[in-house]
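Just query_17.tsv here, TSV, C-alpha atoms:
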```
chain	number	residue	atom	x	y	z
A	1	MET	CA	-4.44	5.31	34.32
A	2	LYS	CA	-2.24	4.91	31.22
A	3	LYS	CA	-4.15	1.74	30.27
A	4	ILE	CA	-7.51	3.57	30.55
A	5	LEU	CA	-6.22	6.43	28.39
A	6	SER	CA	-4.97	3.95	25.81
A	7	ILE	CA	-8.37	2.24	25.63
A	8	LEU	CA	-10.12	5.60	25.27
A	9	LEU	CA	-7.78	6.68	22.48
A	10	VAL	CA	-8.37	3.45	20.54
A	11	ALA	CA	-12.14	3.80	20.99
A	12	PHE	CA	-12.05	7.44	19.88
A	13	SER	CA	-9.90	6.61	16.86
A	14	THR	CA	-12.20	3.78	15.79
A	15	ALA	CA	-15.33	5.88	16.31
A	16	SER	CA	-13.84	8.68	14.22
A	17	LEU	CA	-13.03	6.27	11.41
A	18	SER	CA	-16.53	4.78	11.44
A	19	ALA	CA	-18.11	8.23	11.40
A	20	SER	CA	-16.22	9.32	8.29
A	21	ALA	CA	-16.32	6.00	6.44
A	22	ALA	CA	-18.12	5.48	3.15
A	23	THR	CA	-21.73	4.31	3.41
A	24	PHE	CA	-22.72	0.81	2.34
A	25	GLN	CA	-24.19	2.30	-0.85
A	26	GLN	CA	-20.76	3.78	-1.68
A	27	MET	CA	-19.03	0.40	-1.46
A	28	ARG	CA	-18.34	-2.04	-4.27
A	29	PHE	CA	-17.87	-5.71	-3.32
A	30	HIS	CA	-16.39	-8.54	-5.36
A	31	CYS	CA	-18.86	-11.16	-4.15
A	32	ASP	CA	-21.44	-11.91	-1.46
A	33	ASN	CA	-19.00	-13.53	0.97
A	34	ASP	CA	-16.43	-10.70	1.09
A	35	THR	CA	-17.67	-9.44	4.45
A	36	THR	CA	-17.81	-12.94	5.95
A	37	GLU	CA	-14.30	-13.76	4.82
A	38	ILE	CA	-12.91	-10.48	6.15
A	39	ASN	CA	-14.52	-11.20	9.52
A	40	ASP	CA	-12.97	-14.68	9.50
A	41	LEU	CA	-9.52	-13.30	8.67
A	42	LEU	CA	-9.77	-10.71	11.43
A	43	ARG	CA	-10.78	-13.39	13.95
A	44	LYS	CA	-7.74	-15.45	12.92
A	45	GLY	CA	-5.54	-12.40	13.37
A	46	ALA	CA	-6.95	-11.75	16.84
A	47	GLN	CA	-6.44	-15.41	17.82
A	48	SER	CA	-2.86	-15.43	16.52
A	49	GLY	CA	-1.64	-13.56	19.57
A	50	LEU	CA	0.64	-11.43	17.36
A	51	LYS	CA	1.01	-7.86	18.59
A	52	THR	CA	3.36	-5.91	16.31
A	53	PRO	CA	2.39	-4.43	12.93
A	54	ASN	CA	5.14	-6.26	11.04
A	55	GLN	CA	4.21	-9.62	12.56
A	56	LEU	CA	0.57	-9.13	11.59
A	57	VAL	CA	1.43	-7.97	8.06
A	58	ALA	CA	3.47	-11.15	7.55
A	59	PHE	CA	0.68	-13.26	9.07
A	60	TYR	CA	-2.01	-11.83	6.81
A	61	ALA	CA	0.24	-12.03	3.74
A	62	ASN	CA	0.54	-15.76	4.35
A	63	GLU	CA	-3.26	-16.00	4.62
A	64	LEU	CA	-3.65	-14.29	1.22
A	65	MET	CA	-1.00	-16.41	-0.50
A	66	GLY	CA	-2.14	-17.83	-3.83
A	67	ARG	CA	-4.98	-15.39	-4.47
A	68	PRO	CA	-5.12	-14.34	-8.13
A	69	TYR	CA	-3.54	-11.19	-9.48
A	70	VAL	CA	-6.16	-9.00	-11.17
A	71	ALA	CA	-5.46	-5.41	-12.25
A	72	HIS	CA	-7.81	-2.40	-12.38
A	73	THR	CA	-10.29	-3.71	-9.78
A	74	LEU	CA	-10.76	-0.17	-8.40
A	75	GLU	CA	-11.95	1.30	-11.68
A	76	GLY	CA	-15.60	1.92	-12.55
A	77	ASP	CA	-18.02	4.53	-13.82
A	78	ASN	CA	-18.11	6.15	-10.37
A	79	GLU	CA	-15.54	6.19	-7.57
A	80	MET	CA	-16.58	3.74	-4.87
A	81	LEU	CA	-14.84	2.10	-1.94
A	82	THR	CA	-13.90	-1.18	-3.60
A	83	ILE	CA	-13.60	-4.14	-1.25
A	84	ASN	CA	-12.09	-7.15	-2.98
A	85	ILE	CA	-9.82	-9.56	-1.13
A	86	HIS	CA	-10.22	-12.29	-3.75
A	87	GLN	CA	-8.52	-10.42	-6.61
A	88	LEU	CA	-5.45	-8.36	-5.82
A	89	ASP	CA	-2.87	-6.24	-7.60
A	90	CYS	CA	0.33	-5.01	-5.97
A	91	THR	CA	-1.30	-1.91	-4.49
A	92	THR	CA	-4.56	-3.45	-3.29
A	93	PHE	CA	-2.54	-6.31	-1.78
A	94	VAL	CA	-0.59	-3.87	0.42
A	95	GLU	CA	-3.75	-1.87	1.21
A	96	THR	CA	-5.51	-5.07	2.25
A	97	LEU	CA	-2.63	-6.02	4.54
A	98	TYR	CA	-2.74	-2.57	6.10
A	99	ALA	CA	-6.51	-2.58	6.70
A	100	LEU	CA	-6.45	-6.07	8.23
A	101	THR	CA	-3.46	-5.23	10.42
A	102	ARG	CA	-4.76	-1.85	11.57
A	103	SER	CA	-8.12	-3.38	12.50
A	104	THR	CA	-6.39	-6.09	14.53
A	105	LEU	CA	-4.12	-3.58	16.29
A	106	ASN	CA	-7.30	-1.71	17.28
A	107	SER	CA	-8.83	-4.99	18.59
A	108	ARG	CA	-11.58	-4.88	15.97
A	109	THR	CA	-12.94	-7.93	14.16
A	110	SER	CA	-15.67	-6.47	11.93
A	111	TRP	CA	-15.48	-5.93	8.18
A	112	ARG	CA	-16.89	-2.45	8.75
A	113	ASP	CA	-13.75	-1.46	10.66
A	114	TYR	CA	-11.68	-3.00	7.87
A	115	ALA	CA	-13.60	-0.87	5.35
A	116	ALA	CA	-13.06	2.29	7.40
A	117	ASN	CA	-9.32	1.60	7.67
A	118	LEU	CA	-9.11	0.84	3.95
A	119	GLU	CA	-10.75	4.15	3.07
A	120	ASP	CA	-8.52	5.98	5.54
A	121	LEU	CA	-5.40	4.64	3.81
A	122	ARG	CA	-6.50	4.77	0.17
A	123	TYR	CA	-7.90	8.29	0.01
A	124	ARG	CA	-6.48	11.73	0.64
A	125	ASN	CA	-7.04	12.67	4.28
A	126	GLY	CA	-9.00	9.45	4.67
A	127	GLU	CA	-12.10	10.58	2.80
A	128	MET	CA	-13.40	9.25	-0.51
A	129	THR	CA	-15.14	11.80	-2.74
A	130	ASP	CA	-14.28	11.31	-6.41
A	131	TYR	CA	-11.52	9.76	-8.53
A	132	SER	CA	-9.12	12.59	-7.68
A	133	SER	CA	-9.44	11.92	-3.93
A	134	ARG	CA	-7.71	8.57	-4.36
A	135	LEU	CA	-3.97	8.67	-3.59
A	136	HIS	CA	-2.81	7.48	-7.01
A	137	TYR	CA	0.90	8.24	-6.61
A	138	ILE	CA	2.70	6.23	-3.94
A	139	SER	CA	4.83	9.24	-2.96
A	140	GLU	CA	1.72	11.21	-2.02
A	141	TRP	CA	0.19	8.07	-0.50
A	142	ILE	CA	3.18	7.81	1.84
A	143	VAL	CA	3.31	11.54	2.66
A	144	ASN	CA	-0.41	11.82	3.34
A	145	ASN	CA	-0.61	8.70	5.48
A	146	ARG	CA	2.56	9.55	7.35
A	147	SER	CA	1.09	12.94	8.29
A	148	ARG	CA	-1.95	11.19	9.78
A	149	GLY	CA	0.00	8.59	11.76
A	150	ASN	CA	-0.82	5.60	9.57
A	151	LEU	CA	2.63	4.89	8.13
A	152	ILE	CA	6.23	5.70	8.90
A	153	GLU	CA	8.93	5.73	6.24
A	154	VAL	CA	12.24	4.22	7.35
A	155	THR	CA	14.14	4.41	4.05
A	156	SER	CA	16.53	7.06	5.33
A	157	ASP	CA	17.45	4.82	8.28
A	158	ILE	CA	18.63	2.04	5.98
A	159	PRO	CA	22.44	1.99	5.52
A	160	THR	CA	23.56	3.42	2.12
A	161	ALA	CA	20.25	5.32	1.66
A	162	ASP	CA	20.42	8.02	-0.99
A	163	HIS	CA	17.97	10.50	-2.58
A	164	ILE	CA	16.51	11.06	-6.01
A	165	VAL	CA	14.59	14.07	-7.38
A	166	LYS	CA	11.74	13.55	-9.86
A	167	ASN	CA	8.78	15.38	-11.35
A	168	ILE	CA	5.73	13.21	-10.73
A	169	ASP	CA	3.18	13.89	-13.45
A	170	PHE	CA	2.74	10.64	-15.37
A	171	MET	CA	-1.07	10.57	-15.16
A	172	THR	CA	-1.80	13.89	-16.82
A	173	LYS	CA	0.88	13.32	-19.45
A	174	HIS	CA	-0.70	9.97	-20.30
A	175	LYS	CA	-4.34	10.77	-19.60
A	176	ASP	CA	-5.60	8.55	-22.42
A	177	SER	CA	-4.28	5.54	-20.49
A	178	TYR	CA	-6.76	6.25	-17.66
A	179	GLN	CA	-10.45	5.66	-18.25
A	180	ALA	CA	-11.46	8.33	-15.72
A	181	LEU	CA	-9.27	10.98	-17.37
A	182	LYS	CA	-9.77	10.18	-21.04
A	183	ASN	CA	-12.80	12.40	-21.61
A	184	ASP	CA	-12.91	14.49	-18.45
A	185	SER	CA	-10.81	17.65	-18.65
A	186	ALA	CA	-12.03	18.82	-15.23
A	187	MET	CA	-10.75	15.64	-13.60
A	188	VAL	CA	-7.44	15.96	-15.43
A	189	GLU	CA	-7.09	19.47	-13.99
A	190	LYS	CA	-7.81	18.19	-10.48
A	191	ILE	CA	-5.09	15.56	-10.78
A	192	ARG	CA	-2.70	18.14	-12.26
A	193	ASN	CA	-3.26	20.40	-9.25
A	194	TYR	CA	-2.08	17.61	-6.96
A	195	GLU	CA	0.87	16.84	-9.23
A	196	VAL	CA	2.09	20.43	-8.85
A	197	GLY	CA	3.04	19.63	-5.26
A	198	TYR	CA	5.36	16.88	-6.51
A	199	ARG	CA	7.45	18.82	-8.98
A	200	LYS	CA	11.10	18.22	-8.20
A	201	HIS	CA	10.00	15.81	-5.48
A	202	ARG	CA	12.95	14.62	-3.40
A	203	MET	CA	12.54	11.10	-2.09
A	204	PRO	CA	14.83	8.69	-0.27
A	205	TYR	CA	15.69	5.30	-1.73
A	206	VAL	CA	18.17	2.47	-1.40
A	207	LYS	CA	19.87	1.73	-4.71
A	208	LYS	CA	19.35	-1.81	-5.92
A	209	GLN	CA	23.12	-2.33	-6.09
A	210	TRP	CA	23.18	-2.24	-2.27
A	211	LEU	CA	20.41	-4.75	-1.58
A	212	GLY	CA	22.87	-7.62	-1.24
A	213	ASN	CA	24.80	-5.74	1.43
A	214	LYS	CA	24.73	-7.45	4.83
A	215	LYS	CA	23.90	-4.30	6.81
A	216	VAL	CA	21.11	-3.38	4.40
A	217	LYS	CA	19.59	-6.86	4.68
A	218	GLU	CA	19.80	-6.71	8.46
A	219	ALA	CA	17.97	-3.36	8.49
A	220	LEU	CA	15.06	-4.74	6.45
A	221	LYS	CA	12.44	-6.45	8.61
A	222	PRO	CA	9.92	-9.16	7.69
A	223	GLY	CA	6.59	-7.45	7.10
A	224	ASP	CA	8.12	-4.16	5.91
A	225	PHE	CA	6.28	-2.62	2.99
A	226	ILE	CA	8.58	-1.84	0.07
A	227	ALA	CA	8.03	0.30	-3.02
A	228	LEU	CA	10.14	-0.19	-6.13
A	229	VAL	CA	11.48	3.13	-7.43
A	230	THR	CA	11.31	3.41	-11.21
A	231	LYS	CA	13.25	5.38	-13.78
A	232	ILE	CA	10.11	5.82	-15.93
A	233	GLU	CA	9.69	9.55	-16.56
A	234	GLY	CA	6.94	11.16	-14.49
A	235	LEU	CA	6.42	8.09	-12.32
A	236	ASP	CA	7.80	7.45	-8.84
A	237	ILE	CA	6.93	3.85	-7.99
A	238	SER	CA	6.23	0.88	-10.25
A	239	HIS	CA	5.46	-1.92	-7.78
A	240	LEU	CA	4.68	-2.69	-4.13
A	241	GLY	CA	5.18	-5.71	-1.91
A	242	ILE	CA	6.48	-6.77	1.48
A	243	ILE	CA	9.74	-8.13	2.83
A	244	HIS	CA	10.10	-11.82	3.61
A	245	LYS	CA	13.22	-13.34	5.16
A	246	ASP	CA	14.29	-16.97	5.17
A	247	ASP	CA	16.05	-18.77	8.04
A	248	LYS	CA	19.44	-17.55	6.81
A	249	GLY	CA	18.35	-13.90	6.76
A	250	GLU	CA	18.12	-13.67	2.98
A	251	VAL	CA	15.63	-11.05	1.80
A	252	TYR	CA	12.83	-11.85	-0.66
A	253	LEU	CA	9.88	-9.99	-2.15
A	254	LEU	CA	6.38	-11.25	-1.33
A	255	ASP	CA	3.88	-9.61	-3.66
A	256	ALA	CA	0.83	-9.79	-5.86
A	257	SER	CA	2.78	-10.66	-8.98
A	258	MET	CA	1.57	-9.76	-12.45
A	259	THR	CA	3.94	-12.27	-14.08
A	260	GLY	CA	3.20	-15.00	-11.53
A	261	GLU	CA	-0.52	-14.11	-11.70
A	262	LYS	CA	-1.03	-14.52	-7.95
A	263	VAL	CA	0.10	-13.50	-4.47
A	264	MET	CA	3.41	-15.30	-4.11
A	265	LEU	CA	6.93	-15.33	-2.76
A	266	GLU	CA	9.36	-14.48	-5.53
A	267	ASN	CA	11.79	-17.37	-6.09
A	268	GLU	CA	15.04	-15.38	-5.99
A	269	PRO	CA	16.47	-12.90	-3.47
A	270	LEU	CA	15.32	-9.30	-3.77
A	271	ALA	CA	18.75	-8.13	-4.96
A	272	ASP	CA	18.67	-10.62	-7.84
A	273	TYR	CA	15.02	-9.92	-8.60
A	274	LEU	CA	15.75	-6.21	-9.10
A	275	ARG	CA	19.01	-6.81	-10.93
A	276	HIS	CA	16.99	-8.24	-13.84
A	277	SER	CA	14.80	-5.14	-14.08
A	278	LYS	CA	16.15	-2.30	-16.23
A	279	ASN	CA	13.55	0.22	-15.07
A	280	ASN	CA	13.90	-0.29	-11.31
A	281	LEU	CA	16.40	1.87	-9.45
A	282	GLY	CA	15.94	0.61	-5.91
A	283	ILE	CA	13.45	0.59	-3.03
A	284	ARG	CA	11.67	2.70	-0.44
A	285	VAL	CA	10.72	1.12	2.88
A	286	PHE	CA	7.83	1.94	5.21
A	287	ARG	CA	5.98	0.40	8.13
A	288	ILE	CA	2.64	0.64	9.86
A	289	MET	CA	2.82	3.07	12.76
A	290	GLN	CA	1.69	1.53	16.03
```
Whole structure, structure tokens version:
Amino acid sequence: MKKILSILLVAFSTASLSASAATFQQMRFHCDNDTTEINDLLRKGAQSGLKTPNQLVAFYANELMGRPYVAHTLEGDNEMLTINIHQLDCTTFVETLYALTRSTLNSRTSWRDYAANLEDLRYRNGEMTDYSSRLHYISEWIVNNRSRGNLIEVTSDIPTADHIVKNIDFMTKHKDSYQALKNDSAMVEKIRNYEVGYRKHRMPYVKKQWLGNKKVKEALKPGDFIALVTKIEGLDISHLGIIHKDDKGEVYLLDASMTGEKVMLENEPLADYLRHSKNNLGIRVFRIMQ
């Protein structure tokens, strides 16, 4: 009976996603073989036999290794569901890993399910409307997706976890840096209305000074998503990636690297990587909810 209920729940969840997903006309593809390659990746994931979210995240990250870093691929004259697995930045890399993993956990191998899961993660309440419906700030991205059962934040469970309070309003204070906000006062006001909810936002984080600690390293799992907390005024997160561990249990960052210009494994432990960055304060950690 439990097995039947589980199957029905998965089917209902998938049907709901498909019903609310963007239409084909609302999608923007990088090239003609995007859909074919997504289908191939999902078949590989299904054949891998891996069952947990973290295992699948790590598997798909390895499949995407070496793909070029390209920024601003989501931007355009109109908001569309951008599907581009050939050019990735730090955020679209993590979103891609989520959509591939979620599709596999739901036993789906079609690019259409991938697209529905991508929209569900990227947009507020899972529905794309305009530029303001995109979850631009990672803090809201985590809160909104956690409330809908997509992600779970585990930062507070990490030994030495602390909290920081910030006003998150970078976009409206730097509107000229965003093409969609530059000449659109109505859109600026929409974004500002969402920012209001993140005044004096209290968020958990693990200070970078603790990332070499044995208990902290043990608590971090391969395939965990991590967000780098920044000291930049008005901004919460400056970078995303996933945790990789070597045979000795040392923790590394696997990311779509702007400096490395590709999806890659950083060549020094995470603690050392962050020690060199003046603007980074530490990390937040979250996982795909199963």
Pull the closest atom pair for each residue of region 46-84 of chain A that gets at most 8 Å from region 118-140 of chain A, along with the distance in Å to one decimal, counting all atoms listed in the file, ordering rows by chain and then ascending residue number, as CSV.
```
residue,atom,partner,partner_atom,distance
A:Asn78,CA,A:Asp130,CA,7.5
A:Glu79,CA,A:Asp130,CA,5.4
A:Met80,CA,A:Met128,CA,7.7
A:Leu81,CA,A:Glu119,CA,6.8
```
Task: Counting all atoms listed in the file, the option among A:Ala46, A:Leu41, A:Ile164, A:Val94 closest to Met203 (chain A) - done: A:Ile164
Open item on the list: Here's a test: counting all atoms listed in the file, identify every protein, DNA and RNA residue with an atom at most 8 Å from (1.9, 1.4, 10.1) in the file's coordinate frame, and state them as a list of chain:residue names.
Closed with: A:Pro53, A:Tyr98, A:Arg102, A:Gly149, A:Asn150, A:Leu151, A:Ile152, A:Phe286, A:Arg287, A:Ile288, A:Met289, A:Gln290
Restricted to C-alpha atoms, what would the selected residues look like written as a CSV table (one decimal), keeping the file's coordinate frame?
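The result, stored in result.csv:
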```csv
chain,number,residue,atom,x,y,z
A,53,PRO,CA,2.4,-4.4,12.9
A,98,TYR,CA,-2.7,-2.6,6.1
A,102,ARG,CA,-4.8,-1.8,11.6
A,149,GLY,CA,0.0,8.6,11.8
A,150,ASN,CA,-0.8,5.6,9.6
A,151,LEU,CA,2.6,4.9,8.1
A,152,ILE,CA,6.2,5.7,8.9
A,286,PHE,CA,7.8,1.9,5.2
A,287,ARG,CA,6.0,0.4,8.1
A,288,ILE,CA,2.6,0.6,9.9
A,289,MET,CA,2.8,3.1,12.8
A,290,GLN,CA,1.7,1.5,16.0
```
Open item on the list: For a quick check of understanding, using all atoms listed in the file, which of A:Leu274, A:Thr101, A:Ile237, A:His163 has the smallest distance to Leu253 (chain A)?
Closed with: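 Smallest distance to Leu253 (chain A) is found for A:Leu274.
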Task: A:Lys221, A:Lys215, A:Lys208, A:Arg146 ranked by distance to Ile283 (chain A), top pick (using all atoms listed in the file) - done: A:Lys208
Contacts of region 216-278 of chain A with region 71-74 of chain A up to 12 Å, shortest pair per row, all atoms listed in the file, as CSV:
```
residue,atom,partner,partner_atom,distance
A:Ala256,CA,A:Ala71,CA,10.0
A:Ser257,CA,A:Ala71,CA,10.3
A:Met258,CA,A:Ala71,CA,8.3
A:Thr259,CA,A:Ala71,CA,11.8
A:Glu261,CA,A:Ala71,CA,10.0
A:Lys262,CA,A:Ala71,CA,11.0
```
Task: Best match for closeness to Thr36 (chain A) among A:Lys182, A:Arg192, A:Arg67, A:Arg112, counting all atoms listed in the file - done: A:Arg112
TODO: Go through A:Leu240, A:Leu265, A:Leu220, A:Val229 and flag the residue nearest Cys90 (chain A), using all atoms listed in the file for the distances.
DONE: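 Closest to Cys90 (chain A), using all atoms listed in the file: A:Leu240.
Between Asp169 (chain A) and the residues A:Arg28, A:His276, A:Lys200, A:Lys217, the shortest atom-to-atom distance, using only C-alpha atoms, involves A:Lys200.
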Excluding Val285 (chain A) and residues on its chain fewer than 2 positions from it, collect all residues at most 8 Å away from it, counting all atoms listed in the file, and give them as a compact mmCIF listing (two decimals) with C-alpha atoms, in the coordinates of the input.
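Contents of around.txt, freshly written:
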```txt
# COMPACT_ATOMS: atom_id res chain seq x y z
CA GLU A 153 8.93 5.73 6.24
CA VAL A 154 12.24 4.22 7.35
CA THR A 155 14.14 4.41 4.05
CA TYR A 205 15.69 5.30 -1.73
CA ASP A 224 8.12 -4.16 5.91
CA PHE A 225 6.28 -2.62 2.99
CA ILE A 226 8.58 -1.84 0.07
CA ALA A 227 8.03 0.30 -3.02
CA ILE A 283 13.45 0.59 -3.03
CA ARG A 287 5.98 0.40 8.13
```
Residues within 10 Å of (-7.4, -20.2, 8.6), counting all atoms listed in the file, listed as a PDB file with C-alpha atoms, in the frame of the given file:
```pdb
ATOM      1  CA  ASP A  40     -12.970 -14.680   9.500  1.00  0.00           C
ATOM      2  CA  LEU A  41      -9.520 -13.300   8.670  1.00  0.00           C
ATOM      3  CA  ARG A  43     -10.780 -13.390  13.950  1.00  0.00           C
ATOM      4  CA  LYS A  44      -7.740 -15.450  12.920  1.00  0.00           C
ATOM      5  CA  GLY A  45      -5.540 -12.400  13.370  1.00  0.00           C
ATOM      6  CA  GLU A  63      -3.260 -16.000   4.620  1.00  0.00           C
TER       7      GLU A  63
END
```
- [ ] Rounded to one decimal place, report the CA of Trp111 (chain A)-CA of Gly76 (chain A) distance in Å.
- [x] 22.2 Å
Any idea what's packed within 10 Å of Leu270 (chain A), counting only C-alpha atoms, ignoring anything in its chain fewer than 5 positions away? Could you give it as a compact mmCIF listing (two decimals) with C-alpha atoms, keeping the file's coordinate frame?
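Produced file out-v5.txt, reproduced below:
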```txt
# COMPACT_ATOMS: atom_id res chain seq x y z
CA LYS A 208 19.35 -1.81 -5.92
CA LEU A 211 20.41 -4.75 -1.58
CA GLY A 212 22.87 -7.62 -1.24
CA LYS A 217 19.59 -6.86 4.68
CA ILE A 243 9.74 -8.13 2.83
CA HIS A 244 10.10 -11.82 3.61
CA GLU A 250 18.12 -13.67 2.98
CA VAL A 251 15.63 -11.05 1.80
CA TYR A 252 12.83 -11.85 -0.66
CA LEU A 253 9.88 -9.99 -2.15
CA LEU A 254 6.38 -11.25 -1.33
CA ARG A 275 19.01 -6.81 -10.93
```
Open item on the list: For a test of reading the model, state the distance in Å between CA of Tyr69 (chain A) and CA of Leu281 (chain A), rounded to one decimal.
Closed with: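 These atoms are spaced 23.8 Å apart.
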Task: Atom-to-atom span, CA of Ser110 (chain A) and CA of Ile142 (chain A), Å - done: 25.7 Å
Open item on the list: I'd like the contact shell of region 171-181 of chain A - 8 Å cut-off, only C-alpha atoms, skipping same-chain residues fewer than 4 positions apart - returned as a PyMOL selection string.
Closed with: chain A and resi 77+131+185+187-188+191-192
- [ ] Name all residues at most 7 Å from region 57-60 of chain A (count all atoms listed in the file; drop same-chain ones fewer than 5 positions away) and give them as a ChimeraX atom specification.
- [x] /A:97,101,222-223
Output: region 140-147 of chain A of the preceding structure, restricted to all heavy atoms, written as a CSV table (one decimal), in the first residue's frame.
```csv
chain,number,residue,atom,x,y,z
A,140,GLU,N,16.3,34.4,-0.7
A,140,GLU,CA,14.9,34.2,-1.1
A,140,GLU,C,14.8,32.9,-1.8
A,140,GLU,O,13.8,32.2,-1.6
A,140,GLU,CB,14.3,35.4,-1.9
A,140,GLU,CG,12.8,35.2,-2.0
A,140,GLU,CD,12.2,36.3,-2.9
A,140,GLU,OE1,12.9,37.0,-3.6
A,140,GLU,OE2,10.9,36.3,-2.9
A,141,TRP,N,15.7,32.6,-2.7
A,141,TRP,CA,15.7,31.3,-3.4
A,141,TRP,C,15.7,30.2,-2.5
A,141,TRP,O,14.9,29.2,-2.7
A,141,TRP,CB,17.0,31.4,-4.3
A,141,TRP,CG,17.2,30.3,-5.2
A,141,TRP,CD1,16.7,30.1,-6.5
A,141,TRP,CD2,18.1,29.2,-5.1
A,141,TRP,NE1,17.2,29.0,-7.1
A,141,TRP,CE2,18.1,28.4,-6.3
A,141,TRP,CE3,19.0,28.8,-4.1
A,141,TRP,CZ2,18.9,27.3,-6.5
A,141,TRP,CZ3,19.8,27.7,-4.3
A,141,TRP,CH2,19.7,26.9,-5.5
A,142,ILE,N,16.4,30.2,-1.4
A,142,ILE,CA,16.5,29.1,-0.4
A,142,ILE,C,15.1,29.1,0.3
A,142,ILE,O,14.5,28.0,0.5
A,142,ILE,CB,17.6,29.3,0.5
A,142,ILE,CG1,19.0,29.1,-0.2
A,142,ILE,CG2,17.5,28.3,1.7
A,142,ILE,CD1,20.2,29.4,0.6
A,143,VAL,N,14.7,30.2,0.8
A,143,VAL,CA,13.5,30.3,1.6
A,143,VAL,C,12.3,29.8,0.8
A,143,VAL,O,11.5,29.0,1.3
A,143,VAL,CB,13.2,31.7,2.1
A,143,VAL,CG1,11.8,31.9,2.7
A,143,VAL,CG2,14.2,32.1,3.2
A,144,ASN,N,12.1,30.3,-0.4
A,144,ASN,CA,11.0,29.9,-1.2
A,144,ASN,C,11.0,28.5,-1.6
A,144,ASN,O,10.0,27.8,-1.5
A,144,ASN,CB,11.0,30.8,-2.5
A,144,ASN,CG,9.7,30.7,-3.3
A,144,ASN,OD1,9.5,29.8,-4.1
A,144,ASN,ND2,8.7,31.6,-3.0
A,145,ASN,N,12.1,27.9,-2.0
A,145,ASN,CA,12.2,26.5,-2.3
A,145,ASN,C,12.1,25.6,-1.1
A,145,ASN,O,11.6,24.5,-1.3
A,145,ASN,CB,13.5,26.3,-3.1
A,145,ASN,CG,13.3,26.7,-4.6
A,145,ASN,OD1,12.6,26.0,-5.4
A,145,ASN,ND2,14.0,27.8,-5.0
A,146,ARG,N,12.6,26.1,0.0
A,146,ARG,CA,12.4,25.3,1.2
A,146,ARG,C,11.0,25.1,1.6
A,146,ARG,O,10.5,24.1,2.0
A,146,ARG,CB,13.2,25.9,2.4
A,146,ARG,CG,13.2,25.1,3.7
A,146,ARG,CD,14.0,25.8,4.7
A,146,ARG,NE,13.6,27.2,5.0
A,146,ARG,CZ,14.3,28.1,5.5
A,146,ARG,NH1,15.5,27.9,5.8
A,146,ARG,NH2,13.7,29.3,5.7
A,147,SER,N,10.2,26.2,1.4
A,147,SER,CA,8.8,26.2,1.8
A,147,SER,C,8.0,25.3,0.9
A,147,SER,O,6.9,24.8,1.3
A,147,SER,CB,8.2,27.6,1.7
A,147,SER,OG,8.1,28.0,0.4
```
